[in-house]
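A.B. asks: input18.pdb is reproduced below (PDB, C-alpha atoms).
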```pdb
ATOM      1  CA  MET A 293     -78.954 -15.492-149.763
ATOM      2  CA  GLN A 294     -80.673 -15.487-153.148
ATOM      3  CA  SER A 295     -77.282 -15.538-154.865
ATOM      4  CA  LEU A 296     -76.532 -18.795-153.063
ATOM      5  CA  ARG A 297     -79.813 -20.301-154.248
ATOM      6  CA  VAL A 298     -79.093 -19.268-157.823
ATOM      7  CA  ALA A 299     -75.553 -20.646-157.602
ATOM      8  CA  ARG A 300     -76.967 -23.899-156.224
ATOM      9  CA  LEU A 301     -79.396 -24.133-159.172
ATOM     10  CA  LEU A 302     -76.543 -23.568-161.607
ATOM     11  CA  LEU A 303     -74.570 -26.398-159.991
ATOM     12  CA  VAL A 304     -77.624 -28.649-159.914
ATOM     13  CA  GLY A 305     -78.262 -27.832-163.567
ATOM     14  CA  ALA A 306     -74.708 -28.765-164.501
ATOM     15  CA  TRP A 307     -75.042 -32.018-162.560
ATOM     16  CA  TRP A 308     -78.354 -32.790-164.264
ATOM     17  CA  ARG A 309     -76.928 -32.148-167.728
ATOM     18  CA  LEU A 310     -73.930 -34.370-167.010
ATOM     19  CA  SER A 311     -75.598 -37.203-165.124
ATOM     20  CA  GLY A 312     -79.279 -37.079-165.991
ATOM     21  CA  SER A 313     -80.037 -37.350-162.264
ATOM     22  CA  ALA A 314     -83.796 -37.434-161.663
ATOM     23  CA  ARG A 315     -83.337 -35.746-158.281
ATOM     24  CA  ALA A 316     -81.400 -32.876-159.863
ATOM     25  CA  GLY A 317     -84.088 -32.553-162.537
ATOM     26  CA  ARG A 318     -86.832 -32.343-159.920
ATOM     27  CA  THR A 319     -84.838 -29.654-158.106
ATOM     28  CA  LEU A 320     -84.763 -27.606-161.306
ATOM     29  CA  VAL A 321     -88.505 -28.071-161.811
ATOM     30  CA  ARG A 322     -89.159 -26.961-158.221
ATOM     31  CA  GLY A 323     -86.974 -23.902-158.828
ATOM     32  CA  LEU A 324     -88.984 -23.072-161.932
ATOM     33  CA  ALA A 325     -92.333 -23.661-160.275
ATOM     34  CA  GLY A 326     -91.867 -22.105-156.890
ATOM     35  CA  GLY A 327     -88.620 -20.242-156.593
ATOM     36  CA  ARG A 328     -88.068 -16.553-156.504
ATOM     37  CA  GLU A 329     -87.908 -14.719-159.815
ATOM     38  CA  ARG A 330     -84.154 -15.151-160.367
ATOM     39  CA  GLU A 331     -84.386 -18.829-159.474
ATOM     40  CA  GLN A 332     -87.273 -19.266-161.897
ATOM     41  CA  VAL A 333     -85.302 -17.580-164.672
ATOM     42  CA  VAL A 334     -82.185 -19.688-164.107
ATOM     43  CA  ALA A 335     -84.121 -22.958-163.818
ATOM     44  CA  GLY A 336     -86.187 -22.067-166.899
ATOM     45  CA  MET A 337     -83.091 -21.280-168.933
ATOM     46  CA  ILE A 338     -81.436 -24.547-167.973
ATOM     47  CA  LEU A 339     -84.536 -26.630-168.673
ATOM     48  CA  GLY A 340     -85.407 -24.726-171.840
ATOM     49  CA  ALA A 341     -81.899 -25.094-173.249
ATOM     50  CA  SER A 342     -82.053 -28.829-172.690
ATOM     51  CA  GLY A 343     -85.115 -29.167-174.923
ATOM     52  CA  GLU A 344     -86.195 -32.789-175.168
ATOM     53  CA  ARG A 345     -84.459 -33.794-171.933
ATOM     54  CA  ALA A 346     -86.799 -31.526-169.970
ATOM     55  CA  GLN A 347     -90.004 -32.908-171.486
ATOM     56  CA  ALA A 348     -90.381 -35.890-169.149
ATOM     57  CA  LEU A 349     -89.774 -33.716-166.088
ATOM     58  CA  LEU A 350     -92.362 -31.166-167.192
ATOM     59  CA  ARG A 351     -94.907 -33.851-168.059
ATOM     60  CA  ALA A 352     -94.426 -35.476-164.645
ATOM     61  CA  GLU A 353     -94.951 -32.158-162.871
ATOM     62  CA  ILE A 354     -98.121 -31.503-164.841
ATOM     63  CA  ALA A 355     -99.396 -35.024-164.174
ATOM     64  CA  ALA A 356     -98.820 -34.509-160.440
ATOM     65  CA  GLY A 357    -101.628 -31.942-160.521
ATOM     66  CA  ASP A 358    -102.181 -28.183-160.681
ATOM     67  CA  PRO A 359     -98.837 -27.142-162.183
ATOM     68  CA  ALA A 360     -97.425 -23.632-161.986
ATOM     69  CA  PRO A 361     -97.934 -21.534-165.125
ATOM     70  CA  ASN A 362     -94.165 -21.526-165.783
ATOM     71  CA  ILE A 363     -94.178 -25.309-166.101
ATOM     72  CA  VAL A 364     -97.043 -25.238-168.589
ATOM     73  CA  THR A 365     -95.445 -22.458-170.638
ATOM     74  CA  LEU A 366     -92.142 -24.281-170.854
ATOM     75  CA  LEU A 367     -93.833 -27.461-172.082
ATOM     76  CA  GLY A 368     -95.184 -25.405-174.974
ATOM     77  CA  ASP A 369     -91.660 -24.206-175.712
ATOM     78  CA  VAL A 370     -89.914 -27.587-175.578
ATOM     79  CA  GLY A 371     -92.796 -30.044-176.016
ATOM     80  CA  ASP A 372     -92.934 -32.551-178.824
ATOM     81  CA  THR A 373     -95.072 -31.183-181.654
ATOM     82  CA  GLY A 374     -95.753 -34.734-182.811
ATOM     83  CA  ARG A 375     -97.208 -35.918-179.483
ATOM     84  CA  SER A 376    -100.938 -35.462-179.405
ATOM     85  CA  ASP A 377    -100.967 -36.251-175.675
ATOM     86  CA  ASP A 378     -99.000 -33.031-174.986
ATOM     87  CA  GLN A 379    -101.697 -31.116-176.832
ATOM     88  CA  ASP A 380    -104.444 -33.052-175.037
ATOM     89  CA  VAL A 381    -102.959 -32.302-171.612
ATOM     90  CA  LEU A 382    -102.548 -28.629-172.436
ATOM     91  CA  GLN A 383    -106.108 -28.466-173.805
ATOM     92  CA  ALA A 384    -107.451 -30.035-170.598
ATOM     93  CA  LEU A 385    -105.534 -27.505-168.495
ATOM     94  CA  ALA A 386    -106.815 -24.656-170.659
ATOM     95  CA  GLU A 387    -110.386 -25.789-170.080
ATOM     96  CA  GLN A 388    -110.345 -27.169-166.541
ATOM     97  CA  SER A 389    -107.595 -25.665-164.410
ATOM     98  CA  GLU A 390    -108.872 -23.740-161.419
ATOM     99  CA  ASP A 391    -105.942 -21.313-161.648
ATOM    100  CA  VAL A 392    -106.468 -18.500-164.146
ATOM    101  CA  GLY A 393    -102.719 -18.150-164.719
ATOM    102  CA  THR A 394    -102.386 -21.839-165.505
ATOM    103  CA  ARG A 395    -105.344 -21.698-167.908
ATOM    104  CA  ARG A 396    -103.844 -18.721-169.711
ATOM    105  CA  ALA A 397    -100.418 -20.387-169.833
ATOM    106  CA  ALA A 398    -101.996 -23.549-171.289
ATOM    107  CA  VAL A 399    -103.731 -21.554-174.044
ATOM    108  CA  ASP A 400    -100.448 -19.817-174.894
ATOM    109  CA  ALA A 401     -98.491 -23.092-174.750
ATOM    110  CA  LEU A 402    -100.982 -24.738-177.119
ATOM    111  CA  ARG A 403    -100.609 -21.870-179.546
ATOM    112  CA  VAL A 404     -96.802 -22.096-179.434
ATOM    113  CA  LEU A 405     -96.821 -25.886-179.769
ATOM    114  CA  ARG A 406     -99.107 -25.706-182.793
ATOM    115  CA  LEU A 407     -97.059 -22.956-184.435
ATOM    116  CA  ARG A 408     -93.860 -24.907-183.883
ATOM    117  CA  GLY A 409     -95.442 -27.886-185.634
ATOM    118  CA  LYS A 410     -96.297 -26.005-188.822
ATOM    119  CA  PRO A 411     -93.908 -25.888-191.764
ATOM    120  CA  ALA A 412     -92.489 -22.405-192.335
ATOM    121  CA  ASP A 413     -94.253 -21.918-195.684
ATOM    122  CA  GLU A 414     -97.629 -22.865-194.160
ATOM    123  CA  ASP A 415     -97.104 -20.371-191.330
ATOM    124  CA  ALA A 416     -96.200 -17.584-193.773
ATOM    125  CA  ALA A 417     -99.375 -18.195-195.800
ATOM    126  CA  GLN A 418    -101.596 -17.305-192.823
TER     127      GLN A 418
END
```
Rewrite the structure from the file as structure tokens, please.

C.D. replies:
Amino acid sequence: MQSLRVARLLLVGAWWRLSGSARAGRTLVRGLAGGREREQVVAGMILGASGERAQALLRAEIAAGDPAPNIVTLLGDVGDTGRSDDQDVLQALAEQSEDVGTRRAAVDALRVLRLRGKPADEDAAQ
């Protein structure tokens, strides 16, 4: 049964990449947030590989309230280093989320987002 769910996510991911379907994107986000481990991995790989295309989906899920730690972590990986609102949202989650896992994920995502925004020579100096 899980193989069918994973296969479905792969098909949905292909459809999302080709069409940009919002419904397909939300299905991937749900797979990342609440699926079983294999589903989370597949959905995360698809969303992570898409980079900027996944940002709006991740931001919408976070804005909807109390996001899963996987969603927060992935925003740190693909988020826009030039958008201060991404950092502000992650900072608020790190300070105010009721879920310990989400708080920890927000702290890690902030760290990754900040490191991604530094020039390589500045990072090496530290």

A.B. asks: Go through A:Ala346, A:Val334, A:Val370, A:Ala360 and flag the residue nearest A:Trp308, using only C-alpha atoms for the distances.

C.D. replies: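 Looking only at the distances to A:Trp308, the closest residue turns out to be A:Ala346.
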
A.B. asks: Between atom CA of A:Leu350 and atom CA of A:Gly305, measure the distance and give it in Å to one decimal.

C.D. replies: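 Atom-to-atom, atom CA of A:Leu350 to atom CA of A:Gly305, that is 14.9 Å.
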
A.B. asks: Provide the atom CA of A:Glu331 to atom CA of A:Leu296 distance in Å, to one decimal place.

C.D. replies: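 Value for the atom CA of A:Glu331-atom CA of A:Leu296 distance: 10.1 Å.
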
A.B. asks: For the file shown, what are the residues hit by the PyMOL selection byres ((chain A and resi 357-359) around 8), laid out as a list in words?

C.D. replies: Ala325, Glu353, Ile354, Ala355, Ala356, Ala360, Pro361, Ile363, Val364, Ser389, Asp391 and Thr394 of chain A

A.B. asks: Just the number, please: distance in Å from atom CA of A:Arg297 to atom CA of A:Gly317, one decimal.

C.D. replies: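 Going from atom CA of A:Arg297 over to atom CA of A:Gly317 covers 15.4 Å.
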
A.B. asks: Would you write out, as number ranges by chain, every residue that the PyMOL selection byres ((chain A and resi 300) around 12) captures in this file?

C.D. replies: A: 293-299, 301-307, 316, 319-320, 323, 331, 334-335
